[in-house]
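Written out below as structure tokens is the structure these notes cover.
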2 protein chains.
Amino acid sequence: MKFAIMAGGQGTRFWPLSRERRPKQFLAIAGTRTMLQETVCRLSPLARPDDVYVVCGRQYVELVRDQLPDLGPEQLVVEPVPRNTAPCIGLAALHLRRMVGDSVMAVLPADHSIGRVEEFHAVLEQAAKLAEQGWMVTFGIEPTFPATGYGYIQRAEQIGEAKGRRSFKVARFAEKPRLEQAAEFLASGEYYWNSGMFVWTVGTIMEQFRQHMPELHEILLEIDADWDNAEKREELFSRAPRVSIDFGVMEKAERVATIPCALAWNDVGNWRAVEDLLCEDERGIAANTRYVQWESRDCLAHSASGKLVALVGVQDLIVVETPDVVLVCRKDKSEDVKQIVEELRRNGPAEYL
Amino acid sequence: MKFAIMAGGQGTRFWPLSRERRPKQFLAIAGTRTMLQETVCRLSPLARPDDVYVVCGRQYVELVRDQLPDLGPEQLVVEPVPRNTAPCIGLAALHLRRMVGDSVMAVLPADHSIGRVEEFHAVLEQAAKLAEQGWMVTFGIEPTFPATGYGYIQRAEQIGEAKGRRSFKVARFAEKPRLEQAAEFLASGEYYWNSGMFVWTVGTIMEQFRQHMPELHEILLEIDADWDNAEKREELFSRAPRVSIDFGVMEKAERVATIPCALAWNDVGNWRAVEDLLCEDERGIAANTRYVQWESRDCLAHSASGKLVALVGVQDLIVVETPDVVLVCRKDKSEDVKQIVEELRRNGPAEYL
């Protein structure tokens, strides 16, 4: 099994810690290692060092090399221009086919957190077996609350079982639901969170591109035919459609499976999610730094420089300090941090982007 | 008229900007000049440079000299040890008597803000005339809301008028009231805020010490008798009672006057008071630094280093950033900042005190 780690994300929801030049996957959000480093580390010992490939845009190549100094040059796949996940995964599949032939390929985002690593490895191994039978395998993350921020996977009939872990054919993918619908999903017991992690063989995904995204498939074949021509590759890749793998392939494919699992998975989608990764005190306060409080509770504090954070009479706040910004955000508005970034894009100053 | 500026305060309510080694009067809370510098500047042109005296403890002598480089050594009165306001004013009176004889003496805290400087000068001049007639004159700050954080002065019969400004005998001093009582004070029209600024002659205040604080008066006479003996002065001053001028003299004295006035006065008692000194935007946000907001209002932001402050979905907060601390405090809890300081005193780390 080979691992393609997708490190091209450009999210704004971790501003001000994340910046255009250093998005979330290159940050140590809740520990001492960056999320990319964590993503690679947690594959050990399942993956040997040269089983790991990282896919990212040009602007992040230097960051990837800095953070993963042992990664060989042939383990880095560079997207010439950013084009959503389907073209990106297509490029990674081509790269793998040239490097190792038609192997099993796990696609893993570089900016998720997984608490239960041994379980994760067991599910990956089970997924690899299904992939070898031609399945496109998703991780069916068992929902722990009616999340409205994730897409869901509905299971259909059972297709297998190994070591007590069942696998199912997928009935359908559901977009991020409203709260009411999310509650119904949870109550039904048939729905799982779609984590964006996939396991298939290179041959399977290429065949799926041919069936469901023929335009992209044609571009990939042309790139493959003149692999070492960087200029032509950029020209071709620029014409690839900006489509996600979910929309372009998964929702249309037939032979899609899911393995329900409890991985303590967290996509760390915004600041609020970080509190689940940190230890809270008895007042619900979580911090990566020293803090002191008076009549405060349920806050998250992050200081990039290790400042003392003092909280007086406040609750449900996120406080983030970086070398040039102090952010104070109501917890249930943490998605709106991107609005600040939008405002800075519109009216500046650009130095804070 | 001579001016004794009291710069010995050691408040904790402006933590983390104020620290044990640099209390509020030595900080630029809402402008570019420190409050001590503002206090001296606003006396011009009423006072000539050598009419101004600064009283402070030993630990602040260097700060005073740094911030007021033109102050002559004979214009600095050093309290050997801290002993509330009555002994401190006594020492200043002795100093003035030796320097200039029995002059009019204005006592002014170094850490208040006054918006209407010309009116302030006019009241000082009117107060000086009353002082020359033996009155101890207070400033009767016209209350603009039922404050519970100030002491009040109740007026009795009118004793004079000059340029439309009336003066009254004082009926009594009232301690900080509860809200209900404060509302009654406001409704009566007879009560004023006690600003802690006083005007009298050196002879008057010394006579008052003799009558109402004979023990302190005796100590002052002994200090005066051996003025240049620093060791003896410290030993004597250490025995002075820790009593405020209000409690020790003003509340007991007979010939006390007040001049009602509207000075846009503010004792800048805590962070919340700072918003009155800064310009607010249309959403009620006041800041000494660049800020950007989304669905936020009525916040105060202070960054010692000029960081960008970003507010998302919050209201009624005070955000303060210093080189080693980030404070987030609910506005109506700004008095509780001192609880954080208490906590740091008890459990450390002391580096933040």
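In the structure tokens, each chain is lettered A, B, ... as it comes, each chain's residues begin at 1, and ligands are numbered from 1 in order of appearance.
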| Long-range neighbours of Met105 in chain A as a PyMOL selection string, 6 Å cut-off, only C-alpha atoms, 4 positions minimum in chain | chain A and resi 1-3+199-201
| query | Skipping near chain neighbours, those fewer than 4 positions away, what residues fall within 12 Å of Ala92 in chain B using only C-alpha atoms, listed as a PyMOL selection string? | reply | chain B and resi 2-7+52-56+74-79+85-88+96-100+105-108+201-202+205-206+220+223-224
Those same residues, written as an mmCIF file, in the first residue's frame with N, CA and C atoms?
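Written out: selection-v9.cif:
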```cif
data_model
loop_
_atom_site.group_PDB
_atom_site.id
_atom_site.type_symbol
_atom_site.label_atom_id
_atom_site.label_comp_id
_atom_site.auth_asym_id
_atom_site.auth_seq_id
_atom_site.Cartn_x
_atom_site.Cartn_y
_atom_site.Cartn_z
ATOM 1 N N LYS B 2 1.291 76.546 44.073
ATOM 2 C CA LYS B 2 2.212 75.437 43.801
ATOM 3 C C LYS B 2 1.397 74.149 43.643
ATOM 4 N N PHE B 3 1.951 73.228 42.902
ATOM 5 C CA PHE B 3 1.215 72.005 42.552
ATOM 6 C C PHE B 3 1.973 70.770 43.038
ATOM 7 N N ALA B 4 1.323 70.015 43.905
ATOM 8 C CA ALA B 4 1.932 68.770 44.382
ATOM 9 C C ALA B 4 1.238 67.600 43.695
ATOM 10 N N ILE B 5 1.961 66.970 42.814
ATOM 11 C CA ILE B 5 1.382 65.863 42.034
ATOM 12 C C ILE B 5 1.722 64.544 42.724
ATOM 13 N N MET B 6 0.666 63.833 43.103
ATOM 14 C CA MET B 6 0.840 62.599 43.859
ATOM 15 C C MET B 6 1.025 61.433 42.886
ATOM 16 N N ALA B 7 2.249 60.906 42.820
ATOM 17 C CA ALA B 7 2.556 59.855 41.836
ATOM 18 C C ALA B 7 2.989 58.552 42.515
ATOM 19 N N VAL B 52 5.842 73.168 39.927
ATOM 20 C CA VAL B 52 5.334 71.794 39.961
ATOM 21 C C VAL B 52 6.247 70.902 40.801
ATOM 22 N N TYR B 53 5.633 70.156 41.715
ATOM 23 C CA TYR B 53 6.365 69.206 42.557
ATOM 24 C C TYR B 53 5.736 67.828 42.378
ATOM 25 N N VAL B 54 6.573 66.813 42.385
ATOM 26 C CA VAL B 54 6.061 65.450 42.238
ATOM 27 C C VAL B 54 6.421 64.658 43.491
ATOM 28 N N VAL B 55 5.429 63.984 44.051
ATOM 29 C CA VAL B 55 5.639 63.180 45.249
ATOM 30 C C VAL B 55 5.512 61.700 44.864
ATOM 31 N N CYS B 56 6.530 60.908 45.212
ATOM 32 C CA CYS B 56 6.448 59.475 44.898
ATOM 33 C C CYS B 56 7.359 58.679 45.815
ATOM 34 N N GLU B 74 15.032 69.511 43.415
ATOM 35 C CA GLU B 74 14.270 70.067 44.549
ATOM 36 C C GLU B 74 12.761 70.026 44.309
ATOM 37 N N GLN B 75 12.364 69.584 43.110
ATOM 38 C CA GLN B 75 10.927 69.479 42.809
ATOM 39 C C GLN B 75 10.405 68.059 42.996
ATOM 40 N N LEU B 76 11.271 67.191 43.483
ATOM 41 C CA LEU B 76 10.886 65.793 43.684
ATOM 42 C C LEU B 76 10.848 65.516 45.184
ATOM 43 N N VAL B 77 9.681 65.114 45.676
ATOM 44 C CA VAL B 77 9.518 64.798 47.097
ATOM 45 C C VAL B 77 9.405 63.282 47.217
ATOM 46 N N VAL B 78 10.344 62.667 47.933
ATOM 47 C CA VAL B 78 10.366 61.205 48.008
ATOM 48 C C VAL B 78 9.798 60.727 49.344
ATOM 49 N N GLU B 79 8.725 59.928 49.266
ATOM 50 C CA GLU B 79 8.207 59.279 50.474
ATOM 51 C C GLU B 79 9.190 58.179 50.867
ATOM 52 N N THR B 85 -2.418 58.779 51.964
ATOM 53 C CA THR B 85 -2.307 60.159 51.458
ATOM 54 C C THR B 85 -2.050 61.230 52.518
ATOM 55 N N ALA B 86 -2.551 61.051 53.748
ATOM 56 C CA ALA B 86 -2.365 62.108 54.746
ATOM 57 C C ALA B 86 -0.878 62.343 55.041
ATOM 58 N N PRO B 87 -0.102 61.325 55.401
ATOM 59 C CA PRO B 87 1.329 61.553 55.625
ATOM 60 C C PRO B 87 2.040 62.076 54.384
ATOM 61 N N CYS B 88 1.645 61.578 53.244
ATOM 62 C CA CYS B 88 2.271 61.973 51.983
ATOM 63 C C CYS B 88 2.051 63.460 51.720
ATOM 64 N N LEU B 96 7.114 72.147 50.637
ATOM 65 C CA LEU B 96 6.732 73.428 50.033
ATOM 66 C C LEU B 96 7.030 74.589 50.984
ATOM 67 N N ARG B 97 6.744 74.384 52.252
ATOM 68 C CA ARG B 97 6.960 75.465 53.221
ATOM 69 C C ARG B 97 8.429 75.856 53.255
ATOM 70 N N ARG B 98 9.304 74.847 53.175
ATOM 71 C CA ARG B 98 10.744 75.132 53.174
ATOM 72 C C ARG B 98 11.170 75.795 51.863
ATOM 73 N N MET B 99 10.534 75.401 50.755
ATOM 74 C CA MET B 99 10.948 75.936 49.453
ATOM 75 C C MET B 99 10.404 77.340 49.204
ATOM 76 N N VAL B 100 9.112 77.544 49.511
ATOM 77 C CA VAL B 100 8.479 78.805 49.084
ATOM 78 C C VAL B 100 7.661 79.474 50.183
ATOM 79 N N MET B 105 -1.435 75.670 47.824
ATOM 80 C CA MET B 105 -0.941 74.349 47.419
ATOM 81 C C MET B 105 -2.101 73.557 46.806
ATOM 82 N N ALA B 106 -1.928 73.140 45.553
ATOM 83 C CA ALA B 106 -2.930 72.261 44.925
ATOM 84 C C ALA B 106 -2.394 70.834 44.949
ATOM 85 N N VAL B 107 -3.227 69.927 45.416
ATOM 86 C CA VAL B 107 -2.846 68.515 45.455
ATOM 87 C C VAL B 107 -3.563 67.793 44.307
ATOM 88 N N LEU B 108 -2.781 67.186 43.412
ATOM 89 C CA LEU B 108 -3.377 66.587 42.206
ATOM 90 C C LEU B 108 -2.860 65.162 41.986
ATOM 91 N N THR B 201 -3.930 76.327 51.604
ATOM 92 C CA THR B 201 -2.581 76.851 51.823
ATOM 93 C C THR B 201 -1.813 75.868 52.692
ATOM 94 N N VAL B 202 -0.503 75.977 52.614
ATOM 95 C CA VAL B 202 0.348 75.114 53.445
ATOM 96 C C VAL B 202 0.006 75.334 54.913
ATOM 97 N N ILE B 205 -3.363 73.488 55.867
ATOM 98 C CA ILE B 205 -3.331 72.025 55.991
ATOM 99 C C ILE B 205 -2.494 71.617 57.212
ATOM 100 N N MET B 206 -1.413 72.380 57.513
ATOM 101 C CA MET B 206 -0.605 72.033 58.682
ATOM 102 C C MET B 206 -1.423 72.229 59.967
ATOM 103 N N LEU B 220 5.642 65.181 61.655
ATOM 104 C CA LEU B 220 6.048 66.131 60.615
ATOM 105 C C LEU B 220 6.969 67.204 61.198
ATOM 106 N N ILE B 223 10.366 65.729 61.658
ATOM 107 C CA ILE B 223 11.061 65.596 60.363
ATOM 108 C C ILE B 223 11.598 66.950 59.928
ATOM 109 N N ASP B 224 10.766 67.982 60.103
ATOM 110 C CA ASP B 224 11.145 69.334 59.697
ATOM 111 C C ASP B 224 12.361 69.827 60.481
#
```
What are the closest atom pairs, with distances in Å to one decimal, for each residue of chain A lying within 7 Å of chain B, using only C-alpha atoms, rows by chain and rising residue number, as a tab-separated table?
```
residue	atom	partner	partner_atom	distance
A:Val292	CA	B:Ile340	CA	7.0
A:Gln293	CA	B:Ile340	CA	6.8
A:Trp294	CA	B:Ile340	CA	6.5
A:Lys307	CA	B:Asp324	CA	4.9
A:Leu308	CA	B:Val325	CA	4.7
A:Val309	CA	B:Val326	CA	4.8
A:Ala310	CA	B:Leu327	CA	4.6
A:Leu311	CA	B:Val328	CA	5.1
A:Val312	CA	B:Cys329	CA	4.4
A:Gly313	CA	B:Arg330	CA	5.4
A:Val314	CA	B:Arg330	CA	5.8
A:Asp324	CA	B:Lys307	CA	4.9
A:Val325	CA	B:Leu308	CA	4.7
A:Val326	CA	B:Val309	CA	4.8
A:Leu327	CA	B:Ala310	CA	4.6
A:Val328	CA	B:Leu311	CA	5.1
A:Cys329	CA	B:Val312	CA	4.4
A:Arg330	CA	B:Gly313	CA	5.4
A:Lys333	CA	B:Gly313	CA	6.1
A:Asp336	CA	B:Val312	CA	6.8
A:Val337	CA	B:Val312	CA	6.6
A:Gln339	CA	B:Trp294	CA	6.9
A:Ile340	CA	B:Trp294	CA	6.5
```
Deliver the residues from the most recent selection as a file, using N, CA and C atoms, as a PDB file, in the first residue's frame.
```pdb
ATOM      1  N   VAL A 292      -4.427  31.945  33.262  1.00  0.00           N
ATOM      2  CA  VAL A 292      -4.955  32.210  34.594  1.00  0.00           C
ATOM      3  C   VAL A 292      -6.344  32.780  34.382  1.00  0.00           C
ATOM      4  N   GLN A 293      -7.298  32.392  35.217  1.00  0.00           N
ATOM      5  CA  GLN A 293      -8.667  32.823  34.967  1.00  0.00           C
ATOM      6  C   GLN A 293      -9.355  33.254  36.262  1.00  0.00           C
ATOM      7  N   TRP A 294     -10.404  34.051  36.088  1.00  0.00           N
ATOM      8  CA  TRP A 294     -11.273  34.441  37.189  1.00  0.00           C
ATOM      9  C   TRP A 294     -12.704  34.395  36.661  1.00  0.00           C
ATOM     10  N   LYS A 307       2.621  33.325  25.428  1.00  0.00           N
ATOM     11  CA  LYS A 307       2.244  34.344  26.406  1.00  0.00           C
ATOM     12  C   LYS A 307       1.290  33.784  27.451  1.00  0.00           C
ATOM     13  N   LEU A 308       1.272  34.432  28.598  1.00  0.00           N
ATOM     14  CA  LEU A 308       0.252  34.132  29.602  1.00  0.00           C
ATOM     15  C   LEU A 308      -1.081  34.675  29.103  1.00  0.00           C
ATOM     16  N   VAL A 309      -2.113  33.826  29.119  1.00  0.00           N
ATOM     17  CA  VAL A 309      -3.450  34.290  28.749  1.00  0.00           C
ATOM     18  C   VAL A 309      -4.267  34.426  30.025  1.00  0.00           C
ATOM     19  N   ALA A 310      -4.850  35.607  30.235  1.00  0.00           N
ATOM     20  CA  ALA A 310      -5.657  35.863  31.431  1.00  0.00           C
ATOM     21  C   ALA A 310      -7.098  36.089  31.008  1.00  0.00           C
ATOM     22  N   LEU A 311      -8.008  35.361  31.645  1.00  0.00           N
ATOM     23  CA  LEU A 311      -9.427  35.436  31.301  1.00  0.00           C
ATOM     24  C   LEU A 311     -10.200  35.902  32.527  1.00  0.00           C
ATOM     25  N   VAL A 312     -11.014  36.941  32.366  1.00  0.00           N
ATOM     26  CA  VAL A 312     -11.784  37.480  33.482  1.00  0.00           C
ATOM     27  C   VAL A 312     -13.259  37.563  33.094  1.00  0.00           C
ATOM     28  N   GLY A 313     -14.069  36.733  33.736  1.00  0.00           N
ATOM     29  CA  GLY A 313     -15.519  36.829  33.556  1.00  0.00           C
ATOM     30  C   GLY A 313     -16.007  36.459  32.168  1.00  0.00           C
ATOM     31  N   VAL A 314     -15.260  35.644  31.436  1.00  0.00           N
ATOM     32  CA  VAL A 314     -15.672  35.326  30.066  1.00  0.00           C
ATOM     33  C   VAL A 314     -15.928  33.830  29.907  1.00  0.00           C
ATOM     34  N   ASP A 324       1.715  39.028  15.138  1.00  0.00           N
ATOM     35  CA  ASP A 324       1.184  40.327  14.722  1.00  0.00           C
ATOM     36  C   ASP A 324      -0.327  40.490  14.896  1.00  0.00           C
ATOM     37  N   VAL A 325      -0.988  39.485  15.448  1.00  0.00           N
ATOM     38  CA  VAL A 325      -2.449  39.560  15.568  1.00  0.00           C
ATOM     39  C   VAL A 325      -2.912  38.988  16.906  1.00  0.00           C
ATOM     40  N   VAL A 326      -3.986  39.602  17.452  1.00  0.00           N
ATOM     41  CA  VAL A 326      -4.735  38.993  18.548  1.00  0.00           C
ATOM     42  C   VAL A 326      -6.158  38.773  18.041  1.00  0.00           C
ATOM     43  N   LEU A 327      -6.617  37.523  18.083  1.00  0.00           N
ATOM     44  CA  LEU A 327      -7.984  37.199  17.668  1.00  0.00           C
ATOM     45  C   LEU A 327      -8.795  36.814  18.898  1.00  0.00           C
ATOM     46  N   VAL A 328      -9.985  37.409  19.028  1.00  0.00           N
ATOM     47  CA  VAL A 328     -10.941  36.966  20.050  1.00  0.00           C
ATOM     48  C   VAL A 328     -12.242  36.652  19.317  1.00  0.00           C
ATOM     49  N   CYS A 329     -12.704  35.424  19.453  1.00  0.00           N
ATOM     50  CA  CYS A 329     -13.817  34.930  18.638  1.00  0.00           C
ATOM     51  C   CYS A 329     -14.767  34.129  19.517  1.00  0.00           C
ATOM     52  N   ARG A 330     -16.065  34.383  19.350  1.00  0.00           N
ATOM     53  CA  ARG A 330     -17.028  33.557  20.065  1.00  0.00           C
ATOM     54  C   ARG A 330     -16.967  32.144  19.493  1.00  0.00           C
ATOM     55  N   LYS A 333     -18.979  31.031  16.657  1.00  0.00           N
ATOM     56  CA  LYS A 333     -18.787  31.824  15.437  1.00  0.00           C
ATOM     57  C   LYS A 333     -17.437  31.528  14.798  1.00  0.00           C
ATOM     58  N   ASP A 336     -16.720  31.972  11.251  1.00  0.00           N
ATOM     59  CA  ASP A 336     -16.699  33.338  10.710  1.00  0.00           C
ATOM     60  C   ASP A 336     -15.320  33.982  10.713  1.00  0.00           C
ATOM     61  N   VAL A 337     -14.330  33.260  11.223  1.00  0.00           N
ATOM     62  CA  VAL A 337     -12.968  33.787  11.123  1.00  0.00           C
ATOM     63  C   VAL A 337     -12.633  34.057   9.658  1.00  0.00           C
ATOM     64  N   GLN A 339     -14.487  35.296   7.534  1.00  0.00           N
ATOM     65  CA  GLN A 339     -15.028  36.606   7.160  1.00  0.00           C
ATOM     66  C   GLN A 339     -14.002  37.711   7.402  1.00  0.00           C
ATOM     67  N   ILE A 340     -13.222  37.544   8.467  1.00  0.00           N
ATOM     68  CA  ILE A 340     -12.149  38.510   8.741  1.00  0.00           C
ATOM     69  C   ILE A 340     -11.120  38.457   7.609  1.00  0.00           C
TER      70      ILE A 340
END
```
What parts of range 101-252 of chain A does DSSP call helix (DSSP H, G or I)? I'd like the answer as a short mmCIF file (atom, residue, chain, number, x, y, z; two decimals) with N, CA and C atoms, in the first residue's frame.
```
data_model
loop_
_atom_site.label_atom_id
_atom_site.label_comp_id
_atom_site.auth_asym_id
_atom_site.auth_seq_id
_atom_site.Cartn_x
_atom_site.Cartn_y
_atom_site.Cartn_z
N VAL A 117 -4.73 5.46 16.65
CA VAL A 117 -3.86 5.14 15.52
C VAL A 117 -3.86 3.65 15.20
N GLU A 118 -3.90 2.78 16.23
CA GLU A 118 -3.88 1.33 15.94
C GLU A 118 -5.13 0.91 15.18
N GLU A 119 -6.26 1.46 15.60
CA GLU A 119 -7.52 1.17 14.90
C GLU A 119 -7.44 1.68 13.45
N PHE A 120 -6.86 2.84 13.29
CA PHE A 120 -6.68 3.42 11.97
C PHE A 120 -5.87 2.47 11.08
N HIS A 121 -4.80 1.93 11.62
CA HIS A 121 -3.98 0.99 10.85
C HIS A 121 -4.78 -0.25 10.48
N ALA A 122 -5.56 -0.77 11.42
CA ALA A 122 -6.34 -1.98 11.16
C ALA A 122 -7.35 -1.73 10.05
N VAL A 123 -7.99 -0.56 10.08
CA VAL A 123 -8.98 -0.24 9.05
C VAL A 123 -8.29 -0.07 7.69
N LEU A 124 -7.13 0.57 7.70
CA LEU A 124 -6.39 0.73 6.44
C LEU A 124 -6.08 -0.63 5.83
N GLU A 125 -5.68 -1.58 6.66
CA GLU A 125 -5.32 -2.91 6.13
C GLU A 125 -6.55 -3.63 5.58
N GLN A 126 -7.67 -3.48 6.29
CA GLN A 126 -8.91 -4.09 5.81
C GLN A 126 -9.35 -3.43 4.50
N ALA A 127 -9.17 -2.11 4.44
CA ALA A 127 -9.54 -1.36 3.23
C ALA A 127 -8.68 -1.81 2.05
N ALA A 128 -7.41 -2.07 2.32
CA ALA A 128 -6.50 -2.49 1.24
C ALA A 128 -6.99 -3.80 0.62
N LYS A 129 -7.49 -4.71 1.47
CA LYS A 129 -7.99 -6.00 0.94
C LYS A 129 -9.20 -5.78 0.04
N LEU A 130 -10.10 -4.88 0.47
CA LEU A 130 -11.27 -4.57 -0.36
C LEU A 130 -10.83 -3.89 -1.66
N ALA A 131 -9.84 -3.02 -1.56
CA ALA A 131 -9.36 -2.30 -2.74
C ALA A 131 -8.84 -3.29 -3.77
N GLU A 132 -8.16 -4.33 -3.28
CA GLU A 132 -7.61 -5.33 -4.20
C GLU A 132 -8.72 -6.10 -4.92
N LEU A 179 -29.18 20.82 10.72
CA LEU A 179 -29.12 20.15 12.03
C LEU A 179 -30.19 19.08 12.17
N GLU A 180 -31.41 19.39 11.73
CA GLU A 180 -32.51 18.44 11.87
C GLU A 180 -32.21 17.13 11.13
N GLN A 181 -31.72 17.31 9.89
CA GLN A 181 -31.40 16.15 9.08
C GLN A 181 -30.23 15.37 9.67
N ALA A 182 -29.25 16.12 10.21
CA ALA A 182 -28.11 15.47 10.83
C ALA A 182 -28.57 14.60 12.00
N ALA A 183 -29.55 15.10 12.75
CA ALA A 183 -30.08 14.34 13.88
C ALA A 183 -30.76 13.05 13.38
N GLU A 184 -31.47 13.17 12.26
CA GLU A 184 -32.10 11.98 11.68
C GLU A 184 -31.04 10.97 11.23
N PHE A 185 -29.99 11.48 10.59
CA PHE A 185 -28.89 10.61 10.17
C PHE A 185 -28.36 9.82 11.36
N LEU A 186 -28.13 10.56 12.46
CA LEU A 186 -27.55 9.96 13.67
C LEU A 186 -28.49 8.90 14.21
N ALA A 187 -29.79 9.22 14.25
CA ALA A 187 -30.77 8.31 14.84
C ALA A 187 -30.92 7.03 14.01
N SER A 188 -30.75 7.15 12.70
CA SER A 188 -30.96 5.99 11.82
C SER A 188 -29.91 4.90 12.03
N VAL A 202 -4.57 1.99 -7.98
CA VAL A 202 -4.32 2.98 -9.03
C VAL A 202 -5.15 2.64 -10.26
N GLY A 203 -5.21 1.34 -10.58
CA GLY A 203 -5.99 0.91 -11.74
C GLY A 203 -7.46 1.26 -11.59
N THR A 204 -8.02 1.03 -10.42
CA THR A 204 -9.43 1.32 -10.19
C THR A 204 -9.73 2.81 -10.37
N ILE A 205 -8.94 3.65 -9.73
CA ILE A 205 -9.27 5.09 -9.80
C ILE A 205 -9.09 5.62 -11.22
N MET A 206 -8.07 5.12 -11.94
CA MET A 206 -7.89 5.57 -13.32
C MET A 206 -9.09 5.14 -14.18
N GLU A 207 -9.56 3.94 -13.98
CA GLU A 207 -10.73 3.46 -14.72
C GLU A 207 -11.96 4.30 -14.38
N GLN A 208 -12.09 4.68 -13.13
CA GLN A 208 -13.22 5.52 -12.71
C GLN A 208 -13.15 6.90 -13.37
N PHE A 209 -11.92 7.46 -13.44
CA PHE A 209 -11.78 8.75 -14.14
C PHE A 209 -12.23 8.58 -15.59
N ARG A 210 -11.82 7.47 -16.21
CA ARG A 210 -12.19 7.24 -17.61
C ARG A 210 -13.72 7.22 -17.77
N GLN A 211 -14.39 6.55 -16.80
CA GLN A 211 -15.85 6.42 -16.91
C GLN A 211 -16.58 7.71 -16.59
N HIS A 212 -16.17 8.38 -15.48
CA HIS A 212 -16.99 9.49 -14.95
C HIS A 212 -16.42 10.87 -15.24
N PRO A 214 -14.18 11.74 -18.20
CA PRO A 214 -13.35 11.41 -19.38
C PRO A 214 -12.43 12.56 -19.79
N GLU A 215 -12.88 13.79 -19.59
CA GLU A 215 -12.05 14.95 -19.96
C GLU A 215 -10.77 14.96 -19.12
N LEU A 216 -10.95 14.77 -17.82
CA LEU A 216 -9.78 14.73 -16.93
C LEU A 216 -8.90 13.53 -17.29
N HIS A 217 -9.54 12.40 -17.57
CA HIS A 217 -8.78 11.19 -17.90
C HIS A 217 -7.90 11.42 -19.12
N GLU A 218 -8.44 12.09 -20.12
CA GLU A 218 -7.69 12.40 -21.34
C GLU A 218 -6.48 13.26 -21.01
N ILE A 219 -6.70 14.28 -20.18
CA ILE A 219 -5.60 15.17 -19.78
C ILE A 219 -4.52 14.37 -19.05
N LEU A 220 -4.95 13.48 -18.16
CA LEU A 220 -3.98 12.68 -17.41
C LEU A 220 -3.16 11.80 -18.36
N LEU A 221 -3.82 11.23 -19.36
CA LEU A 221 -3.08 10.40 -20.32
C LEU A 221 -2.06 11.23 -21.09
N GLU A 222 -2.45 12.43 -21.46
CA GLU A 222 -1.52 13.31 -22.18
C GLU A 222 -0.33 13.71 -21.32
N ILE A 223 -0.61 13.98 -20.04
CA ILE A 223 0.48 14.31 -19.12
C ILE A 223 1.43 13.12 -19.01
N ASP A 224 0.84 11.92 -18.90
CA ASP A 224 1.62 10.71 -18.74
C ASP A 224 2.51 10.45 -19.96
N ALA A 225 1.98 10.81 -21.13
CA ALA A 225 2.70 10.54 -22.37
C ALA A 225 3.94 11.42 -22.52
N ALA A 230 7.73 19.64 -18.13
CA ALA A 230 7.06 20.40 -17.06
C ALA A 230 6.13 21.47 -17.62
N GLU A 231 6.58 22.12 -18.69
CA GLU A 231 5.80 23.20 -19.28
C GLU A 231 4.47 22.67 -19.83
N LYS A 232 4.56 21.53 -20.54
CA LYS A 232 3.37 20.94 -21.13
C LYS A 232 2.43 20.42 -20.02
N ARG A 233 3.06 19.88 -18.99
CA ARG A 233 2.25 19.37 -17.89
C ARG A 233 1.42 20.49 -17.25
N GLU A 234 2.08 21.64 -17.07
CA GLU A 234 1.36 22.77 -16.46
C GLU A 234 0.22 23.23 -17.38
N GLU A 235 0.53 23.28 -18.67
CA GLU A 235 -0.49 23.72 -19.63
C GLU A 235 -1.68 22.76 -19.61
N LEU A 236 -1.37 21.46 -19.60
CA LEU A 236 -2.44 20.45 -19.60
C LEU A 236 -3.23 20.48 -18.29
N PHE A 237 -2.48 20.51 -17.19
CA PHE A 237 -3.15 20.45 -15.88
C PHE A 237 -4.04 21.67 -15.66
N SER A 238 -3.63 22.81 -16.23
CA SER A 238 -4.43 24.03 -16.09
C SER A 238 -5.81 23.85 -16.70
N ILE A 245 -13.14 15.07 -5.81
CA ILE A 245 -13.21 13.63 -6.07
C ILE A 245 -14.59 13.09 -5.65
N ASP A 246 -15.20 13.71 -4.62
CA ASP A 246 -16.52 13.26 -4.17
C ASP A 246 -17.54 13.48 -5.28
N PHE A 247 -17.58 14.70 -5.81
CA PHE A 247 -18.56 15.04 -6.82
C PHE A 247 -18.25 14.38 -8.15
N GLY A 248 -16.96 14.36 -8.51
CA GLY A 248 -16.57 13.88 -9.83
C GLY A 248 -16.61 12.36 -9.97
N VAL A 249 -16.31 11.66 -8.89
CA VAL A 249 -16.20 10.20 -8.98
C VAL A 249 -17.07 9.47 -7.96
N MET A 250 -16.86 9.74 -6.69
CA MET A 250 -17.44 8.89 -5.64
C MET A 250 -18.96 8.81 -5.72
#
```
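Minimum atom-to-atom distances from A:Leu46, A:Leu36, A:Met136, A:Ala28 to Tyr60 in chain A were compared using only C-alpha atoms, and the lowest value belongs to A:Leu36.
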| DSSP-assigned strand (DSSP E) among range 14-216 of chain A, expressed as a count of residues only | 56
| remark: Residue with the minimum atom-to-atom distance to Gly90 in chain B, picked from B:Leu43, B:Ile259, B:Ala240, B:Ala287 with only C-alpha atoms counted, is B:Ala240
| query | Which residues come within 8 Å of Ala30 in chain A, counting only C-alpha atoms, excluding same-chain residues fewer than 5 positions away, as a list in words? | reply | Val274, Leu277, Leu278 and Asn288 of chain A
